[in-house]
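Data from my_file-v4.cif: mmCIF, C-alpha atoms and all ligand atoms
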data_protein
loop_
_atom_site.label_atom_id
_atom_site.label_comp_id
_atom_site.auth_asym_id
_atom_site.auth_seq_id
_atom_site.Cartn_x
_atom_site.Cartn_y
_atom_site.Cartn_z
CA MET A 1 -9.97 38.25 -28.55
CA ARG A 2 -7.77 35.20 -27.78
CA GLN A 3 -4.89 36.88 -29.59
CA TYR A 4 -4.99 39.79 -27.12
CA LEU A 5 -5.39 37.42 -24.17
CA SER A 6 -2.32 35.47 -25.28
CA LYS A 7 -0.39 38.73 -25.74
CA ILE A 8 -1.35 39.92 -22.24
CA ILE A 9 -0.38 36.57 -20.66
CA LEU A 10 2.97 36.66 -22.48
CA ASN A 11 3.62 40.23 -21.34
CA LEU A 12 2.86 39.27 -17.74
CA THR A 13 4.65 35.93 -17.59
CA ARG A 14 7.53 36.48 -20.01
CA LYS A 15 8.53 40.04 -19.25
CA GLU A 16 12.20 39.51 -19.99
CA ARG A 17 11.46 37.87 -23.35
CA MET A 18 9.13 40.69 -24.37
CA ASN A 19 11.65 43.34 -23.26
CA ASP A 20 14.34 41.59 -25.31
CA LEU A 21 11.96 41.51 -28.28
CA ASN A 22 11.28 45.26 -28.04
CA LYS A 23 15.02 45.96 -28.01
CA LEU A 24 15.65 43.58 -30.92
CA ASN A 25 12.95 45.22 -33.03
CA ILE A 26 14.85 48.51 -32.67
CA SER A 27 18.43 47.24 -33.01
CA GLN A 28 17.70 45.43 -36.29
CA TYR A 29 17.71 48.87 -37.96
CA HIS A 30 21.02 49.97 -36.43
CA SER A 31 23.94 50.53 -38.80
CA ILE A 32 26.35 47.66 -39.42
CA ASN A 33 29.07 49.52 -37.48
CA GLU A 34 26.83 49.96 -34.45
CA ILE A 35 25.96 46.25 -34.60
CA LYS A 36 29.66 45.29 -34.82
CA GLU A 37 30.43 47.47 -31.79
CA LEU A 38 27.63 45.77 -29.84
CA GLN A 39 29.01 42.34 -30.84
CA LYS A 40 32.49 43.26 -29.76
CA SER A 41 31.39 44.57 -26.40
CA LYS A 42 29.28 41.43 -25.75
CA MET A 43 32.16 39.22 -26.89
CA LEU A 44 34.64 40.87 -24.53
CA THR A 45 32.29 40.37 -21.57
CA LEU A 46 31.76 36.74 -22.58
CA LEU A 47 35.50 36.07 -22.98
CA SER A 48 36.36 37.59 -19.66
CA HIS A 49 33.61 35.43 -18.04
CA ILE A 50 34.68 32.12 -19.60
CA ARG A 51 38.34 32.63 -18.76
CA GLN A 52 37.37 33.01 -15.12
CA ASN A 53 34.48 30.57 -14.77
CA VAL A 54 34.46 27.84 -17.42
CA PRO A 55 37.10 25.12 -16.82
CA TYR A 56 37.43 24.08 -20.49
CA PHE A 57 38.11 27.63 -21.67
CA LYS A 58 40.36 28.43 -18.71
CA GLU A 59 42.65 25.66 -19.96
CA ASN A 60 42.33 26.29 -23.67
CA ILE A 61 42.41 30.04 -24.15
CA ASN A 62 45.79 31.63 -23.65
CA GLU A 63 46.39 35.29 -22.93
CA LEU A 64 44.52 37.26 -25.58
CA ASN A 65 45.03 40.78 -26.72
CA LEU A 66 41.37 41.70 -26.62
CA ASN A 67 41.97 45.12 -28.06
CA THR A 68 42.85 43.89 -31.56
CA ASN A 69 40.13 43.34 -34.15
CA SER A 70 41.30 39.80 -34.89
CA TYR A 71 41.01 38.51 -31.32
CA LEU A 72 38.22 36.11 -32.30
CA THR A 73 40.44 34.19 -34.72
CA LYS A 74 42.90 33.43 -31.89
CA ILE A 75 40.29 31.34 -30.05
CA PRO A 76 40.31 27.63 -30.97
CA PHE A 77 37.25 26.24 -32.78
CA LEU A 78 34.75 24.09 -30.91
CA THR A 79 33.52 20.88 -32.51
CA LYS A 80 30.89 18.32 -31.53
CA LYS A 81 33.72 15.92 -30.72
CA ILE A 82 35.34 18.39 -28.28
CA ILE A 83 32.00 19.10 -26.59
CA ARG A 84 31.26 15.37 -26.26
CA VAL A 85 34.55 14.78 -24.43
CA ASN A 86 34.46 17.96 -22.30
CA LYS A 87 30.73 18.39 -21.64
CA GLU A 88 31.00 18.69 -17.85
CA TYR A 89 33.99 21.08 -18.10
CA MET A 90 32.06 23.46 -20.32
CA LYS A 91 29.53 24.41 -17.64
CA ALA A 92 30.14 27.78 -15.97
CA GLU A 93 31.09 27.18 -12.32
CA ASN A 94 29.27 30.29 -11.11
CA TYR A 95 25.86 29.10 -12.40
CA PRO A 96 23.57 26.97 -10.17
CA ASP A 97 22.84 23.37 -11.26
CA LYS A 98 19.15 24.14 -11.79
CA ASN A 99 20.07 26.39 -14.72
CA PHE A 100 21.42 23.50 -16.77
CA LEU A 101 18.75 21.70 -18.77
CA PRO A 102 19.93 18.58 -20.65
CA ASN A 103 19.37 19.04 -24.39
CA LEU A 104 20.03 16.97 -27.50
CA THR A 105 20.49 17.68 -31.21
CA SER A 106 18.47 15.65 -33.71
CA GLY A 107 21.62 14.28 -35.36
CA SER A 108 20.35 14.09 -38.93
CA THR A 109 23.73 12.66 -39.97
CA GLY A 110 24.02 10.32 -37.01
CA GLU A 111 26.02 12.95 -35.13
CA LYS A 112 23.84 13.44 -32.06
CA LEU A 113 25.13 15.88 -29.48
CA GLU A 114 24.17 16.11 -25.83
CA PHE A 115 24.64 19.53 -24.30
CA PHE A 116 23.07 21.85 -21.70
CA SER A 117 20.72 24.78 -22.24
CA ASP A 118 20.38 27.63 -19.79
CA SER A 119 16.82 27.52 -18.41
CA THR A 120 16.86 31.26 -17.64
CA ASN A 121 17.95 32.41 -21.09
CA GLU A 122 15.01 34.10 -22.84
CA ILE A 123 16.80 35.73 -25.75
CA LYS A 124 16.60 32.69 -28.03
CA SER A 125 12.81 32.84 -27.78
CA ALA A 126 12.80 36.62 -28.35
CA ILE A 127 14.90 36.13 -31.50
CA THR A 128 12.41 33.53 -32.77
CA LEU A 129 9.51 35.91 -32.13
CA ARG A 130 11.28 38.70 -34.04
CA ASN A 131 11.97 36.41 -37.00
CA ASN A 132 8.39 35.17 -36.97
CA MET A 133 7.21 38.79 -37.10
CA TRP A 134 9.16 39.37 -40.31
CA THR A 135 6.56 37.18 -42.04
CA GLY A 136 3.71 39.53 -41.04
CA TRP A 137 2.62 37.33 -38.10
CA GLY A 138 1.81 39.19 -34.87
CA ILE A 139 2.32 38.18 -31.22
CA GLY A 140 -0.60 36.05 -30.02
CA GLU A 141 -1.72 35.03 -33.51
CA LYS A 142 -2.20 31.34 -34.28
CA ARG A 143 0.58 29.17 -35.67
CA VAL A 144 0.89 25.65 -37.06
CA GLU A 145 4.11 23.66 -36.90
CA LEU A 146 4.65 20.79 -39.30
CA TRP A 147 7.51 19.31 -37.38
CA GLY A 148 9.39 16.04 -37.20
CA SER A 149 11.79 16.08 -34.30
CA HIS A 150 10.93 13.35 -31.75
CA TYR A 151 12.26 15.64 -29.02
CA ASP A 152 9.93 18.53 -29.85
CA ILE A 153 6.89 16.38 -30.54
CA SER A 154 7.32 14.48 -27.25
CA LYS A 155 7.50 17.82 -25.39
CA THR A 156 4.09 18.78 -26.77
CA ASN A 157 2.34 15.49 -26.08
CA ASP A 158 1.32 15.85 -22.43
CA ILE A 159 -2.01 17.47 -21.59
CA PHE A 160 -0.46 20.53 -19.89
CA SER A 161 1.69 21.31 -22.97
CA LYS A 162 -1.34 20.82 -25.23
CA ILE A 163 -3.43 23.32 -23.24
CA LYS A 164 -0.51 25.78 -23.06
CA ASN A 165 0.04 25.40 -26.79
CA LEU A 166 -3.57 25.99 -27.74
CA PHE A 167 -4.38 28.85 -25.37
CA ILE A 168 -1.11 30.70 -24.68
CA ASN A 169 1.32 29.87 -27.45
CA ARG A 170 -1.62 29.26 -29.81
CA ASN A 171 0.35 26.69 -31.68
CA LEU A 172 -0.95 23.51 -33.30
CA VAL A 173 1.78 20.89 -33.87
CA LEU A 174 1.34 18.36 -36.69
CA SER A 175 3.85 15.55 -37.12
CA SER A 176 5.80 15.47 -40.37
CA TYR A 177 6.75 11.81 -39.86
CA ASN A 178 3.82 10.07 -41.44
CA MET A 179 2.87 12.22 -44.38
CA THR A 180 0.46 9.64 -45.82
CA GLN A 181 -2.40 10.76 -48.08
CA GLU A 182 -4.91 10.28 -45.23
CA ASN A 183 -2.81 12.25 -42.74
CA MET A 184 -2.26 15.05 -45.24
CA TYR A 185 -5.99 15.24 -45.88
CA ASP A 186 -6.51 15.43 -42.12
CA TYR A 187 -3.86 18.20 -41.84
CA TYR A 188 -5.54 20.10 -44.67
CA SER A 189 -8.90 19.98 -42.84
CA ARG A 190 -7.35 20.96 -39.52
CA ILE A 191 -5.45 23.91 -41.01
CA ASN A 192 -8.61 25.17 -42.73
CA LYS A 193 -10.49 24.96 -39.44
CA TYR A 194 -7.70 26.40 -37.25
CA LYS A 195 -6.77 29.25 -39.67
CA PRO A 196 -3.16 29.87 -38.57
CA LYS A 197 -1.44 33.14 -39.51
CA LEU A 198 1.93 31.39 -39.70
CA ILE A 199 2.98 27.87 -40.69
CA THR A 200 6.47 26.58 -39.89
CA GLY A 201 7.89 23.29 -41.14
CA TYR A 202 10.69 21.29 -42.66
CA ALA A 203 11.26 22.26 -46.30
CA SER A 204 10.66 18.70 -47.55
CA ALA A 205 7.47 18.23 -45.49
CA LEU A 206 6.03 21.58 -46.63
CA TYR A 207 6.91 20.72 -50.22
CA LEU A 208 5.31 17.28 -50.02
CA PHE A 209 2.19 18.85 -48.52
CA SER A 210 2.06 21.57 -51.20
CA ARG A 211 2.30 18.91 -53.93
CA PHE A 212 -0.53 16.99 -52.29
CA LEU A 213 -2.71 20.13 -52.22
CA GLU A 214 -1.97 20.86 -55.85
CA GLU A 215 -2.48 17.28 -57.09
CA HIS A 216 -5.88 17.11 -55.38
CA SER A 217 -6.87 20.71 -56.28
CA LEU A 218 -7.43 21.50 -52.59
CA ASP A 219 -7.83 25.11 -51.59
CA CYS A 220 -5.91 25.50 -48.34
CA TYR A 221 -6.21 28.40 -45.90
CA SER A 222 -3.59 31.03 -46.71
CA PRO A 223 -1.51 32.21 -43.70
CA LYS A 224 0.42 35.52 -43.68
CA GLY A 225 3.65 33.63 -44.23
CA ILE A 226 5.36 30.24 -44.14
CA ILE A 227 8.74 29.55 -42.53
CA SER A 228 10.85 26.77 -43.97
CA SER A 229 13.42 25.43 -41.56
CA ALA A 230 15.83 22.64 -40.62
CA GLU A 231 16.69 21.70 -44.20
CA VAL A 232 18.06 23.44 -47.29
CA LEU A 233 15.14 25.03 -49.18
CA PHE A 234 15.32 24.56 -52.95
CA GLU A 235 13.81 27.03 -55.40
CA HIS A 236 11.38 24.49 -56.86
CA GLN A 237 10.18 23.72 -53.32
CA ARG A 238 9.71 27.40 -52.52
CA ASN A 239 7.75 27.96 -55.75
CA SER A 240 5.47 25.02 -55.13
CA ILE A 241 4.78 25.94 -51.48
CA GLU A 242 4.12 29.61 -52.32
CA LYS A 243 1.70 28.61 -55.07
CA ALA A 244 -0.21 26.09 -52.95
CA PHE A 245 -0.62 28.41 -49.93
CA GLY A 246 -0.77 31.76 -51.74
CA CYS A 247 1.82 33.46 -49.50
CA LYS A 248 5.58 34.04 -49.21
CA VAL A 249 8.00 31.41 -47.90
CA PHE A 250 10.72 32.66 -45.53
CA ASP A 251 13.85 30.57 -45.15
CA ARG A 252 15.20 30.13 -41.63
CA TYR A 253 18.57 28.81 -40.56
CA GLY A 254 19.20 27.71 -37.01
CA CYS A 255 20.17 24.88 -34.74
CA ARG A 256 19.09 23.61 -31.37
CA GLU A 257 22.41 24.57 -29.75
CA VAL A 258 22.18 28.34 -30.36
CA GLY A 259 18.67 28.89 -31.75
CA ASN A 260 17.83 30.94 -34.83
CA ILE A 261 21.01 32.06 -36.58
CA ALA A 262 19.69 33.75 -39.70
CA HIS A 263 16.33 34.40 -41.34
CA GLU A 264 14.94 35.82 -44.56
CA CYS A 265 13.09 39.12 -44.53
CA GLU A 266 10.29 40.12 -46.92
CA GLU A 267 12.88 40.78 -49.66
CA GLN A 268 13.71 37.02 -49.79
CA ASN A 269 17.21 37.80 -50.91
CA GLY A 270 19.65 36.26 -48.45
CA LEU A 271 19.22 35.53 -44.74
CA HIS A 272 19.76 38.28 -42.15
CA ILE A 273 22.09 37.09 -39.40
CA ASN A 274 20.61 37.64 -35.92
CA ALA A 275 23.78 39.57 -35.13
CA GLU A 276 22.78 40.79 -31.65
CA HIS A 277 22.69 37.11 -30.73
CA VAL A 278 25.37 35.39 -32.81
CA ILE A 279 28.61 35.99 -34.68
CA VAL A 280 28.77 33.93 -37.87
CA GLU A 281 32.12 33.10 -39.48
CA VAL A 282 32.66 31.13 -42.70
CA VAL A 283 36.06 29.39 -42.88
CA ASP A 284 37.94 27.05 -45.21
CA GLU A 285 39.38 23.62 -44.23
CA THR A 286 42.43 25.28 -42.70
CA GLY A 287 40.27 27.56 -40.53
CA GLU A 288 41.06 30.73 -42.49
CA PRO A 289 38.13 33.10 -43.21
CA CYS A 290 36.48 32.79 -46.63
CA GLU A 291 35.73 35.86 -48.73
CA PRO A 292 32.07 36.92 -49.14
CA GLY A 293 30.61 34.76 -51.92
CA GLU A 294 32.97 31.87 -51.21
CA PRO A 295 31.53 28.71 -49.62
CA GLY A 296 33.08 27.39 -46.41
CA GLU A 297 32.28 25.87 -43.06
CA ILE A 298 30.06 27.87 -40.69
CA ALA A 299 31.37 28.60 -37.18
CA VAL A 300 28.93 30.31 -34.84
CA THR A 301 29.42 32.12 -31.54
CA ASP A 302 26.46 32.54 -29.20
CA LEU A 303 26.90 35.95 -27.56
CA ASN A 304 24.24 35.39 -24.92
CA ASN A 305 24.95 31.94 -23.53
CA PHE A 306 27.14 32.36 -20.46
CA ALA A 307 26.17 29.06 -18.81
CA PHE A 308 27.30 26.59 -21.48
CA PRO A 309 29.14 28.74 -24.03
CA PHE A 310 29.27 27.96 -27.73
CA ILE A 311 32.22 29.89 -29.13
CA ARG A 312 33.47 29.46 -32.72
CA TYR A 313 31.36 26.33 -32.83
CA LYS A 314 31.53 24.37 -36.08
CA ILE A 315 27.93 23.29 -36.56
CA GLY A 316 28.65 21.15 -39.57
CA ASP A 317 27.10 23.32 -42.30
CA ILE A 318 28.49 24.89 -45.44
CA GLY A 319 27.47 28.51 -45.98
CA VAL A 320 28.30 31.65 -47.94
CA LEU A 321 28.54 35.15 -46.42
CA SER A 322 27.46 38.25 -48.33
CA ASP A 323 28.62 41.86 -48.23
CA ARG A 324 25.43 43.16 -49.86
CA LYS A 325 23.10 45.51 -48.06
CA CYS A 326 19.44 44.48 -48.03
CA PRO A 327 16.86 46.95 -49.44
CA CYS A 328 14.71 46.38 -46.32
CA ASP A 329 17.06 48.75 -44.44
CA ARG A 330 17.84 46.34 -41.62
CA GLY A 331 21.50 46.70 -40.69
CA LEU A 332 21.81 43.01 -39.83
CA PRO A 333 24.43 41.42 -42.11
CA LEU A 334 23.44 38.81 -44.71
CA LEU A 335 24.22 35.16 -45.07
CA GLU A 336 23.91 34.58 -48.82
CA SER A 337 22.97 30.93 -48.47
CA VAL A 338 23.34 27.72 -46.53
CA GLU A 339 24.35 25.06 -49.00
CA GLY A 340 24.20 21.87 -46.98
CA ARG A 341 26.02 19.82 -44.39
CA VAL A 342 29.82 19.46 -44.30
CA TRP A 343 29.23 15.72 -44.61
CA ASP A 344 27.33 16.34 -47.86
CA VAL A 345 30.18 17.65 -50.01
CA ILE A 346 30.63 15.76 -53.28
CA VAL A 347 34.09 15.78 -54.86
CA GLY A 348 34.42 15.57 -58.66
CA THR A 349 37.23 13.91 -60.57
CA ASN A 350 37.98 17.43 -61.86
CA GLY A 351 38.52 18.64 -58.26
CA ASN A 352 35.17 20.47 -58.04
CA ARG A 353 33.47 20.43 -54.64
CA LEU A 354 29.72 20.52 -54.83
CA VAL A 355 27.59 21.38 -51.85
CA GLY A 356 24.30 22.47 -53.38
CA THR A 357 22.35 19.84 -55.29
CA PHE A 358 19.65 21.79 -57.07
CA TRP A 359 21.72 21.92 -60.29
CA LEU A 360 21.17 18.19 -60.69
CA ILE A 361 17.39 18.20 -61.03
CA LYS A 362 16.66 21.75 -62.19
CA ASP A 363 14.17 21.53 -65.11
CA ILE A 364 14.38 17.72 -65.22
CA LYS A 365 10.90 16.31 -65.73
CA GLY A 366 9.26 13.62 -63.63
CA ILE A 367 11.40 13.62 -60.49
CA LYS A 368 9.47 13.26 -57.26
CA LYS A 369 12.41 12.66 -54.92
CA PHE A 370 16.14 12.21 -55.31
CA GLN A 371 19.28 11.42 -53.37
CA ILE A 372 22.94 11.51 -54.42
CA ILE A 373 25.36 9.10 -52.77
CA GLN A 374 29.16 9.23 -53.11
CA GLU A 375 30.76 6.24 -51.39
CA LYS A 376 34.19 6.78 -52.92
CA PHE A 377 36.16 9.15 -55.09
CA GLY A 378 35.30 8.84 -58.81
CA GLU A 379 31.88 7.22 -58.36
CA LEU A 380 28.37 8.58 -57.87
CA LEU A 381 25.00 6.93 -57.30
CA VAL A 382 21.87 8.92 -58.10
CA LYS A 383 18.66 7.50 -56.60
CA LEU A 384 15.40 8.73 -58.09
CA VAL A 385 11.74 8.35 -57.28
CA VAL A 386 10.06 9.25 -60.58
CA ASN A 387 6.66 9.52 -62.21
CA LYS A 388 5.53 8.85 -65.79
CA ASP A 389 7.10 12.07 -67.13
CA PHE A 390 10.59 10.75 -66.51
CA ASN A 391 12.20 9.06 -69.54
CA GLU A 392 15.54 8.13 -71.11
CA LYS A 393 16.06 11.67 -72.41
CA GLU A 394 15.79 13.08 -68.87
CA ARG A 395 18.10 10.35 -67.53
CA LYS A 396 20.75 11.30 -70.11
CA LYS A 397 20.39 14.97 -69.13
CA ILE A 398 21.25 14.05 -65.53
CA ILE A 399 24.33 12.07 -66.61
CA SER A 400 25.57 14.88 -68.81
CA ARG A 401 25.08 17.40 -65.96
CA VAL A 402 27.09 15.26 -63.57
CA HIS A 403 29.88 14.98 -66.16
CA GLU A 404 29.83 18.71 -66.74
CA LYS A 405 30.05 19.56 -63.01
CA CYS A 406 32.14 16.67 -61.69
CA GLY A 407 34.36 15.74 -64.64
CA LYS A 408 34.06 13.28 -67.52
CA GLU A 409 35.76 10.46 -65.61
CA MET A 410 33.05 10.31 -62.96
CA LYS A 411 31.28 6.92 -63.05
CA ILE A 412 27.54 7.44 -62.58
CA CYS A 413 24.80 5.01 -61.74
CA VAL A 414 21.21 6.30 -61.99
CA GLU A 415 18.85 4.02 -60.08
CA ASN A 416 15.05 4.25 -59.96
CA VAL A 417 13.73 3.37 -56.51
CA ASN A 418 10.27 3.30 -54.91
CA HIS A 419 11.19 5.09 -51.74
CA ILE A 420 13.95 7.19 -50.14
CA HIS A 421 14.18 6.79 -46.39
CA LEU A 422 14.05 9.81 -44.11
CA THR A 423 16.59 10.24 -41.33
CA GLU A 424 15.70 9.34 -37.76
CA SER A 425 14.65 12.96 -37.17
CA GLY A 426 12.32 12.96 -40.16
CA LYS A 427 14.52 14.96 -42.55
CA HIS A 428 15.25 14.17 -46.17
CA ARG A 429 18.97 13.84 -46.95
CA PHE A 430 19.65 14.92 -50.52
CA VAL A 431 23.31 13.95 -50.39
CA ILE A 432 25.27 11.26 -48.58
CA SER A 433 29.00 11.64 -49.08
CA LYS A 434 31.85 9.61 -47.62
CA VAL A 435 34.54 11.76 -49.25
CA SER A 436 33.90 15.29 -47.90
CA PRO A 437 37.17 17.22 -47.42
CA PHE A 438 35.63 19.01 -44.39
CA VAL A 439 35.29 15.75 -42.46
CA ASN A 440 38.34 13.90 -41.20
ZN ZN A 501 16.23 42.49 -45.52
#

Once you've parsed the file, please lay out its structure as structure tokens.
Amino acid sequence: MRQYLSKIILNLTRKERMNDLNKLNISQYHSINEIKELQKSKMLTLLSHIRQNVPYFKENINELNLNTNSYLTKIPFLTKKIIRVNKEYMKAENYPDKNFLPNLTSGSTGEKLEFFSDSTNEIKSAITLRNNMWTGWGIGEKRVELWGSHYDISKTNDIFSKIKNLFINRNLVLSSYNMTQENMYDYYSRINKYKPKLITGYASALYLFSRFLEEHSLDCYSPKGIISSAEVLFEHQRNSIEKAFGCKVFDRYGCREVGNIAHECEEQNGLHINAEHVIVEVVDETGEPCEPGEPGEIAVTDLNNFAFPFIRYKIGDIGVLSDRKCPCDRGLPLLESVEGRVWDVIVGTNGNRLVGTFWLIKDIKGIKKFQIIQEKFGELLVKLVVNKDFNEKERKKIISRVHEKCGKEMKICVENVNHIHLTESGKHRFVISKVSPFVN
């Protein structure tokens, strides 16, 4: 009953969002060529707007031949540094002040960014609803968020937000900051009572919770799907979460600046780019496009933000594009994977650049948590939180893997620690690198 009530309220109060959602549910099955045409037409409108109305772009985009296919590559990249310096000049002059809502990224690597959101823009929310629906969840059904961002949690703490969350959004927010045994037991009880159809959370928090459920043989309520977000999702984490909750895990990639960028469908084989909303490029250190399958830096263009435009914006992540077509029949192109942050690239003495970290601990017994730190070229520190199954044989396996991937000259220190600190925004950093070639 409450599901239908929530649906009716949403349809009445968020007409634009629901209209966008209906259109998005159709366009996801359009052919790739139709989607590219739509992107180009949106891009041309956006470019013409920013060259007339946004001071920063007026100064920094020269005459463009918009009729060529490579027009996008002629536009300079945006970085957090540029936005920080030019924030006021990036606001569209023809938008009223009330449209600009101050916003802030979590800054998991200490790189916080203040920017403005457009208060009237509903498409980001419509995209999120569509992606949520890919898990089997329906509009108005209950959700649980296991979330860590101070910003989001603080928004849900006042009484009005709590009522809105429980009766309209039907969303119960649980903090992923203090995942103590007592809190996790409390979360387990609350989830079983609330019976959400969808659970969303940070990969590391969901994993920790799934391990807790398994270790204590607790039978948790099984939602239709689980969305893992905000961190790279490793295979061992996915397996553990799926086992503990008895449902599929869907990987989501997004950021606060532009919203959901890409999301897994039921095939769980790459992330569909929300291509009606964003253009995703993957480029090397010189800014040239990478081939599908080749890792590089992600630059994203928000096609629907006319108030504070993000165009060719380097988010700070390493990703890989794919030219495969998904068996689900959606025409939306695929992002093969997101490997990690540009700050997290490890450089081997053999010249190898490593962005993913799963290779290090795959099939190694007894590891509860780990972190790799590269302070300087030629040296690597591996921090491990282990249990009784970890022994000298496993330690040697790690050292030999590092040598194999990074070169024999790499000096390695494996250190057992009691605890690995989370970032300020509650995320687990698997890699800390001071030598990444993508960061200058
Ligand atoms: Zn698919």

Closest atom pairs, chain A residues within 7 Å of ligand ZN 501 (chain A), only C-alpha atoms and all ligand atoms, as CSV:
residue,atom,partner,partner_atom,distance
A:Glu264,CA,A:ZN501,ZN,6.9
A:Cys265,CA,A:ZN501,ZN,4.7
A:Glu266,CA,A:ZN501,ZN,6.5
A:Glu267,CA,A:ZN501,ZN,5.6
A:His272,CA,A:ZN501,ZN,6.4
A:Cys326,CA,A:ZN501,ZN,4.5
A:Pro327,CA,A:ZN501,ZN,6.0
A:Cys328,CA,A:ZN501,ZN,4.3
A:Asp329,CA,A:ZN501,ZN,6.4
A:Arg330,CA,A:ZN501,ZN,5.7

Handout entry: Given only C-alpha atoms as the counted atoms, nearest of A:Val282, A:Ala299, A:Ile346, A:Ala244 to Leu321 in chain A
Key = A:Val282

Handout entry: For Leu380 in chain A: contacts at 10 Å, all atoms listed in the file, fewer than 2 positions along chain excluded, given as an MDAnalysis selection string
Key = chainID A and resid 346:348 372:378 382:383 402 406 410:414 433

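Distances to Lys42 in chain A were evaluated for A:Arg17, A:Lys243, A:Lys388, A:His277 using only C-alpha atoms, and the minimum falls at A:His277.
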
Practice task
In the coordinates of the file, take the point (30.4, 43.7, -30.8) and a cut-off of 12 Å; then, counting all atoms listed in the file, name each qualifying protein, DNA or RNA residue as a list in words.
Solution key: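 Answer for this query, in the requested form: Ile32, Asn33, Glu34, Ile35, Lys36, Glu37, Leu38, Gln39, Lys40, Ser41, Lys42, Met43, Leu44, Thr45, Leu46, Leu66, Asn67, Asn69, Tyr71, Leu72, Ala275, Glu276, His277, Val278, Ile279, Thr301, Asp302, Leu303 and Asn304 of chain A.
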
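Atom pair CA of Asn19 in chain A / CA of Asn132 in chain A has a distance of 16.3 Å (rounded to one decimal).
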
Handout entry: Pick from A:Val144, A:Ile163, A:Ile367, A:Met90, whichever lies nearest to Tyr187 in chain A using only C-alpha atoms
Key =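 Counting only C-alpha atoms, the residue closest to Tyr187 in chain A is A:Val144.
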
Exercise for the section: Could you tell me how far CA of Ile311 in chain A lies from CA of Pro76 in chain A, in Å and to one decimal? Expected result: 8.6 Å
